[in-house]
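work33.txt follows (compact mmCIF, C-alpha atoms):
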```
# COMPACT_ATOMS: atom_id res chain seq x y z
CA MET I 8 4.28 47.76 89.95
CA SER I 9 3.76 44.38 88.33
CA ILE I 10 1.59 43.87 85.26
CA SER I 11 -0.21 40.78 84.08
CA GLN I 12 1.06 38.62 81.24
CA HIS I 13 -1.98 39.62 79.20
CA THR I 14 -1.16 43.35 79.59
CA ARG I 15 2.49 42.67 78.83
CA ASN I 16 1.50 40.88 75.60
CA GLU I 17 -0.79 43.76 74.61
CA LEU I 18 1.98 46.28 75.15
CA LEU I 19 4.37 44.16 73.11
CA ASP I 20 1.83 43.96 70.29
CA LEU I 21 1.32 47.74 70.36
CA THR I 22 5.07 48.39 70.34
CA THR I 23 5.52 46.04 67.39
CA GLU I 24 2.65 47.68 65.50
CA LEU I 25 4.03 51.18 66.11
CA ALA I 26 7.47 50.12 64.91
CA SER I 27 5.93 48.56 61.81
CA ARG I 28 3.94 51.70 60.97
CA LYS I 29 7.02 53.90 61.31
CA THR I 30 8.66 51.95 58.50
CA GLU I 31 5.69 51.87 56.11
CA ALA I 32 6.73 52.89 52.62
CA LEU I 33 4.80 56.15 52.33
CA ARG I 34 6.37 57.42 55.56
CA LEU I 35 9.86 56.73 54.16
CA TYR I 36 9.36 57.94 50.60
CA THR I 37 11.42 60.98 49.64
CA PRO I 38 10.69 62.33 46.14
CA ALA I 39 13.47 63.45 43.85
CA ASP I 40 13.68 67.13 42.97
CA TYR I 41 11.89 66.56 39.66
CA GLN I 42 9.12 64.48 41.29
CA GLU I 43 8.09 66.85 44.08
CA PRO I 44 6.53 69.53 41.79
CA PHE I 45 4.29 66.80 40.35
CA HIS I 46 3.17 65.68 43.81
CA ALA I 47 2.64 69.23 45.06
CA SER I 48 0.71 70.48 42.04
CA MET I 49 -2.94 71.28 42.73
CA ALA I 50 -3.85 71.16 39.02
CA SER I 51 -6.89 69.04 38.22
CA GLU I 52 -5.00 67.38 35.35
CA ARG I 53 -1.30 66.53 35.49
CA LEU I 54 1.20 64.92 33.13
CA ILE I 55 4.50 63.34 34.15
CA LEU I 56 6.91 62.41 31.37
CA GLY I 57 9.97 60.19 31.52
CA GLY I 58 11.86 57.42 29.81
CA ASN I 59 12.21 53.82 30.97
CA ARG I 60 13.12 53.51 34.67
CA SER I 61 12.95 57.28 35.15
CA GLY I 62 10.53 57.08 38.07
CA LYS I 63 7.42 58.37 36.30
CA THR I 64 5.30 55.29 37.08
CA MET I 65 6.49 55.29 40.68
CA SER I 66 5.46 58.93 41.01
CA ALA I 67 2.05 58.05 39.60
CA VAL I 68 1.46 55.10 41.94
CA ILE I 69 2.77 57.01 44.97
CA GLU I 70 -0.06 59.47 44.28
CA VAL I 71 -2.50 56.54 44.12
CA ALA I 72 -1.30 55.12 47.44
CA ARG I 73 -1.25 58.51 49.18
CA ALA I 74 -4.77 59.26 47.99
CA ALA I 75 -6.29 55.89 48.84
CA THR I 76 -4.69 55.60 52.28
CA GLY I 77 -5.55 59.17 53.25
CA GLN I 78 -1.90 60.25 53.45
CA ASP I 79 -1.56 62.86 50.75
CA PRO I 80 0.54 65.65 52.37
CA HIS I 81 -0.98 68.29 50.11
CA GLY I 82 -4.62 67.56 50.93
CA LYS I 83 -5.76 66.90 47.36
CA PHE I 84 -8.06 63.96 48.15
CA PRO I 85 -10.75 62.92 50.64
CA LYS I 86 -9.41 60.98 53.63
CA LYS I 87 -12.19 58.38 53.41
CA ASN I 88 -14.70 56.84 51.01
CA GLY I 89 -13.06 57.93 47.77
CA VAL I 90 -13.11 56.04 44.48
CA GLY I 91 -10.02 55.68 42.30
CA CYS I 92 -9.52 54.44 38.74
CA LEU I 93 -6.17 53.11 37.52
CA VAL I 94 -5.90 52.36 33.79
CA GLY I 95 -3.03 50.22 32.51
CA ARG I 96 -2.05 49.49 28.93
CA ASP I 97 -3.42 45.94 29.22
CA TRP I 98 -4.01 43.29 31.89
CA LYS I 99 -0.40 42.14 31.68
CA HIS I 100 0.74 45.68 32.49
CA ILE I 101 -1.56 45.70 35.51
CA GLY I 102 -0.34 42.31 36.69
CA THR I 103 3.40 42.83 36.18
CA VAL I 104 3.80 46.57 36.92
CA LEU I 105 0.91 48.29 38.70
CA TYR I 106 -0.16 45.56 41.12
CA PRO I 107 3.40 44.77 42.35
CA MET I 108 4.29 48.44 42.75
CA LEU I 109 1.26 49.09 44.97
CA PHE I 110 0.92 45.86 46.93
CA LYS I 111 4.33 44.17 46.96
CA PRO I 112 7.64 45.26 48.54
CA GLY I 113 10.16 47.11 46.41
CA ALA I 114 8.54 50.12 44.73
CA PHE I 115 11.71 51.84 45.89
CA GLN I 116 14.73 50.99 48.04
CA ILE I 117 15.35 51.96 51.68
CA ILE I 118 18.45 52.09 53.85
CA LYS I 119 19.33 52.79 57.49
CA ASP I 120 20.74 56.27 57.89
CA GLU I 121 24.34 56.18 59.13
CA LYS I 122 23.74 58.98 61.65
CA THR I 123 20.14 58.55 62.86
CA LYS I 124 20.03 54.74 62.44
CA GLN I 125 16.48 55.18 61.12
CA TRP I 126 15.19 53.77 57.84
CA ARG I 127 14.86 56.24 54.94
CA SER I 128 14.76 56.26 51.14
CA PHE I 129 17.93 55.09 49.39
CA ASN I 130 19.57 57.93 47.43
CA PRO I 131 21.70 56.58 44.56
CA ASP I 132 23.70 59.81 44.43
CA THR I 133 24.75 59.95 48.09
CA ASP I 134 24.42 56.28 49.09
CA SER I 135 26.26 54.66 46.16
CA HIS I 136 28.94 53.33 48.51
CA ARG I 137 26.28 51.38 50.46
CA MET I 138 24.56 49.48 47.67
CA ASP I 139 24.70 46.23 49.65
CA ASP I 140 22.94 47.79 52.66
CA ARG I 141 19.73 48.73 50.88
CA LYS I 142 16.57 46.66 50.90
CA PRO I 143 13.12 46.81 49.27
CA ALA I 144 10.65 49.23 50.84
CA PRO I 145 7.45 47.68 52.25
CA PRO I 146 4.31 47.77 50.06
CA LEU I 147 2.95 51.25 49.29
CA ILE I 148 -0.48 50.11 50.44
CA PRO I 149 0.04 48.12 53.67
CA GLU I 150 -1.76 44.85 54.22
CA ARG I 151 -3.38 46.21 57.39
CA MET I 152 -5.45 48.60 55.26
CA ILE I 153 -6.71 46.05 52.73
CA LYS I 154 -10.28 44.94 53.36
CA LYS I 155 -11.10 43.05 50.20
CA MET I 156 -9.69 42.34 46.73
CA SER I 157 -11.54 41.25 43.60
CA TRP I 158 -9.66 39.53 40.79
CA GLN I 159 -9.85 39.21 37.03
CA MET I 160 -7.21 36.44 37.28
CA LYS I 161 -5.53 36.07 40.65
CA SER I 162 -2.74 33.75 39.46
CA ALA I 163 -1.50 36.51 37.12
CA ASN I 164 -2.14 39.41 39.56
CA TYR I 165 -4.88 40.80 37.31
CA LEU I 166 -6.63 42.85 39.99
CA ASN I 167 -10.14 44.18 39.37
CA SER I 168 -10.56 46.22 42.54
CA CYS I 169 -9.26 46.75 46.04
CA GLU I 170 -11.40 48.01 48.93
CA LEU I 171 -9.57 49.55 51.88
CA THR I 172 -10.56 49.76 55.52
CA ASN I 173 -11.08 53.54 55.26
CA GLY I 174 -13.80 53.13 52.63
CA TRP I 175 -11.65 53.90 49.59
CA ILE I 176 -12.02 51.65 46.52
CA ILE I 177 -9.50 51.46 43.68
CA TYR I 178 -10.67 49.99 40.35
CA PHE I 179 -8.23 48.65 37.76
CA TYR I 180 -8.97 48.62 34.03
CA SER I 181 -7.21 47.50 30.88
CA SER I 182 -7.19 50.27 28.28
CA GLU I 183 -8.12 47.66 25.69
CA SER I 184 -11.64 47.78 27.12
CA TYR I 185 -13.98 50.75 27.52
CA CYS I 186 -14.44 53.19 30.39
CA PRO I 187 -17.38 52.10 32.57
CA GLN I 188 -20.52 54.17 32.09
CA GLY I 189 -22.05 55.93 35.07
CA ALA I 190 -19.00 55.64 37.32
CA SER I 191 -17.84 58.55 39.47
CA PHE I 192 -14.17 58.84 40.45
CA SER I 193 -12.14 60.85 42.97
CA PHE I 194 -9.05 60.28 40.83
CA ALA I 195 -8.15 58.63 37.56
CA VAL I 196 -4.69 57.57 36.36
CA CYS I 197 -3.43 56.43 32.97
CA ASP I 198 -0.04 54.71 32.95
CA GLU I 199 1.90 54.32 29.70
CA GLU I 200 0.27 54.11 26.27
CA ILE I 201 -3.43 53.36 26.52
CA GLN I 202 -4.95 51.47 23.61
CA ASN I 203 -8.34 53.15 23.33
CA ASP I 204 -8.51 56.91 22.66
CA SER I 205 -12.01 57.16 24.13
CA TRP I 206 -10.69 56.73 27.68
CA LEU I 207 -9.52 60.30 28.25
CA PRO I 208 -12.78 62.20 27.59
CA GLU I 209 -14.74 59.51 29.43
CA LEU I 210 -12.50 59.77 32.48
CA GLN I 211 -12.78 63.54 32.47
CA ALA I 212 -16.56 63.17 32.57
CA ARG I 213 -16.40 60.59 35.38
CA LEU I 214 -14.35 62.97 37.54
CA ALA I 215 -16.81 65.85 37.40
CA ASP I 216 -19.22 64.77 40.16
CA ARG I 217 -16.49 64.35 42.79
CA LYS I 218 -14.29 67.18 41.50
CA GLY I 219 -11.67 64.50 40.99
CA ARG I 220 -8.15 64.70 39.61
CA LEU I 221 -6.52 63.09 36.59
CA TRP I 222 -2.84 62.32 36.04
CA VAL I 223 -1.00 60.56 33.25
CA ALA I 224 2.45 58.96 33.17
CA ALA I 225 3.83 58.72 29.64
CA MET I 226 6.97 58.49 27.53
CA PRO I 227 8.28 61.88 26.29
CA HIS I 228 8.25 60.77 22.65
CA SER I 229 4.60 59.71 22.76
CA THR I 230 2.54 61.08 19.89
CA ALA I 231 -0.76 59.44 20.80
CA GLU I 232 -3.64 61.68 19.78
CA TRP I 233 -5.43 61.30 23.14
CA LEU I 234 -2.30 62.45 24.99
CA VAL I 235 -1.60 65.44 22.74
```
Can you turn what I pasted into structure tokens?
Amino acid sequence: MSISQHTRNELLDLTTELASRKTEALRLYTPADYQEPFHASMASERLILGGNRSGKTMSAVIEVARAATGQDPHGKFPKKNGVGCLVGRDWKHIGTVLYPMLFKPGAFQIIKDEKTKQWRSFNPDTDSHRMDDRKPAPPLIPERMIKKMSWQMKSANYLNSCELTNGWIIYFYSSESYCPQGASFSFAVCDEEIQNDSWLPELQARLADRKGRLWVAAMPHSTAEWLV
């Protein structure tokens, strides 16, 4: 049976789209043993501690991406129409760390499995002999799901908010400012040392209406009063 060129093109587009979705970052992410208990915890408030390059910020933003794209495997968040709040130390931290980790390739590395020939997370313990075969994972939040972005300063990646096609909205704030009054969040995240101690109680209040969840990524030697 012959098919028209138009149908052939549609099938090709669908095949390409399916292949692309199979290799989206959240489908390939495999948490380390110490990260999985954090992801699986149903606690309303969570803390993940680690030194530089320990994976604590990645764990925190993986939770953000899973929540906002409706892909949390533990069912902690609404699939649609949620509201998230991500608080960075300052705007530079948002522009150089949080924005790239969520919306640019490379939050983690991927590699083609030698047996299955399918892409998967790169494991530095078992894949050390294949360092040259790895490549950056696609963005945690794929472009196909982004509806609109609002910027504080686009040239520096200072992102104010991102609205997704499923109705989720993520707001970004510098901890040098103050928590917005009257907001209601499905989740709130603090990454690294925030500069204003008033954020934590304010965020806890903003989570109440939606029965939202709070998590914090911090250094183990932190003695900040708000964190203690």
Stretch 151-164 of chain I: which residues within 9 Å, counting all atoms listed in the file, same-chain residues fewer than 6 positions away excluded, as a PyMOL selection string? chain I and resi 76+98-99+101-103+106-107+170-174
Take the residues just selected and output them with C-alpha atoms as a short mmCIF file (atom, residue, chain, number, x, y, z; two decimals), in the coordinates of the input.
```cif
data_model
loop_
_atom_site.label_atom_id
_atom_site.label_comp_id
_atom_site.auth_asym_id
_atom_site.auth_seq_id
_atom_site.Cartn_x
_atom_site.Cartn_y
_atom_site.Cartn_z
CA THR I 76 -4.69 55.60 52.28
CA TRP I 98 -4.01 43.29 31.89
CA LYS I 99 -0.40 42.14 31.68
CA ILE I 101 -1.56 45.70 35.51
CA GLY I 102 -0.34 42.31 36.69
CA THR I 103 3.40 42.83 36.18
CA TYR I 106 -0.16 45.56 41.12
CA PRO I 107 3.40 44.77 42.35
CA GLU I 170 -11.40 48.01 48.93
CA LEU I 171 -9.57 49.55 51.88
CA THR I 172 -10.56 49.76 55.52
CA ASN I 173 -11.08 53.54 55.26
CA GLY I 174 -13.80 53.13 52.63
#
```
Might you pull out every residue within 10 Å of I:Arg220, with only C-alpha atoms counted and same-chain residues fewer than 3 positions away left off, and present them as a VMD selection string? chain I and resid 49 to 53 83 to 84 91 192 to 196 210 to 211 214 to 215 217
For stretch 147-220 of chain I against stretch 64-68 of chain I, with a cut-off of 10 Å and counting only C-alpha atoms, what is the closest atom pair and its distance in Å to one decimal for every residue that makes the cut, ordered by chain and number, as CSV?
```
residue,atom,partner,partner_atom,distance
I:Leu147,CA,I:Val68,CA,8.4
I:Val196,CA,I:Ala67,CA,7.5
I:Cys197,CA,I:Ala67,CA,8.8
I:Asp198,CA,I:Thr64,CA,6.8
I:Glu199,CA,I:Thr64,CA,8.2
```
I need the residue nearest I:Tyr180 from this list: I:Ser135, I:Gln202, I:Ser48, I:Asn167. Use all atoms listed in the file for the distance. I:Asn167
Pick from I:Leu35, I:Val223, I:Ala212, I:Ile148: nearest to I:Cys169, with only C-alpha atoms counted?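 Distance minimum relative to I:Cys169 lands on I:Ile148.
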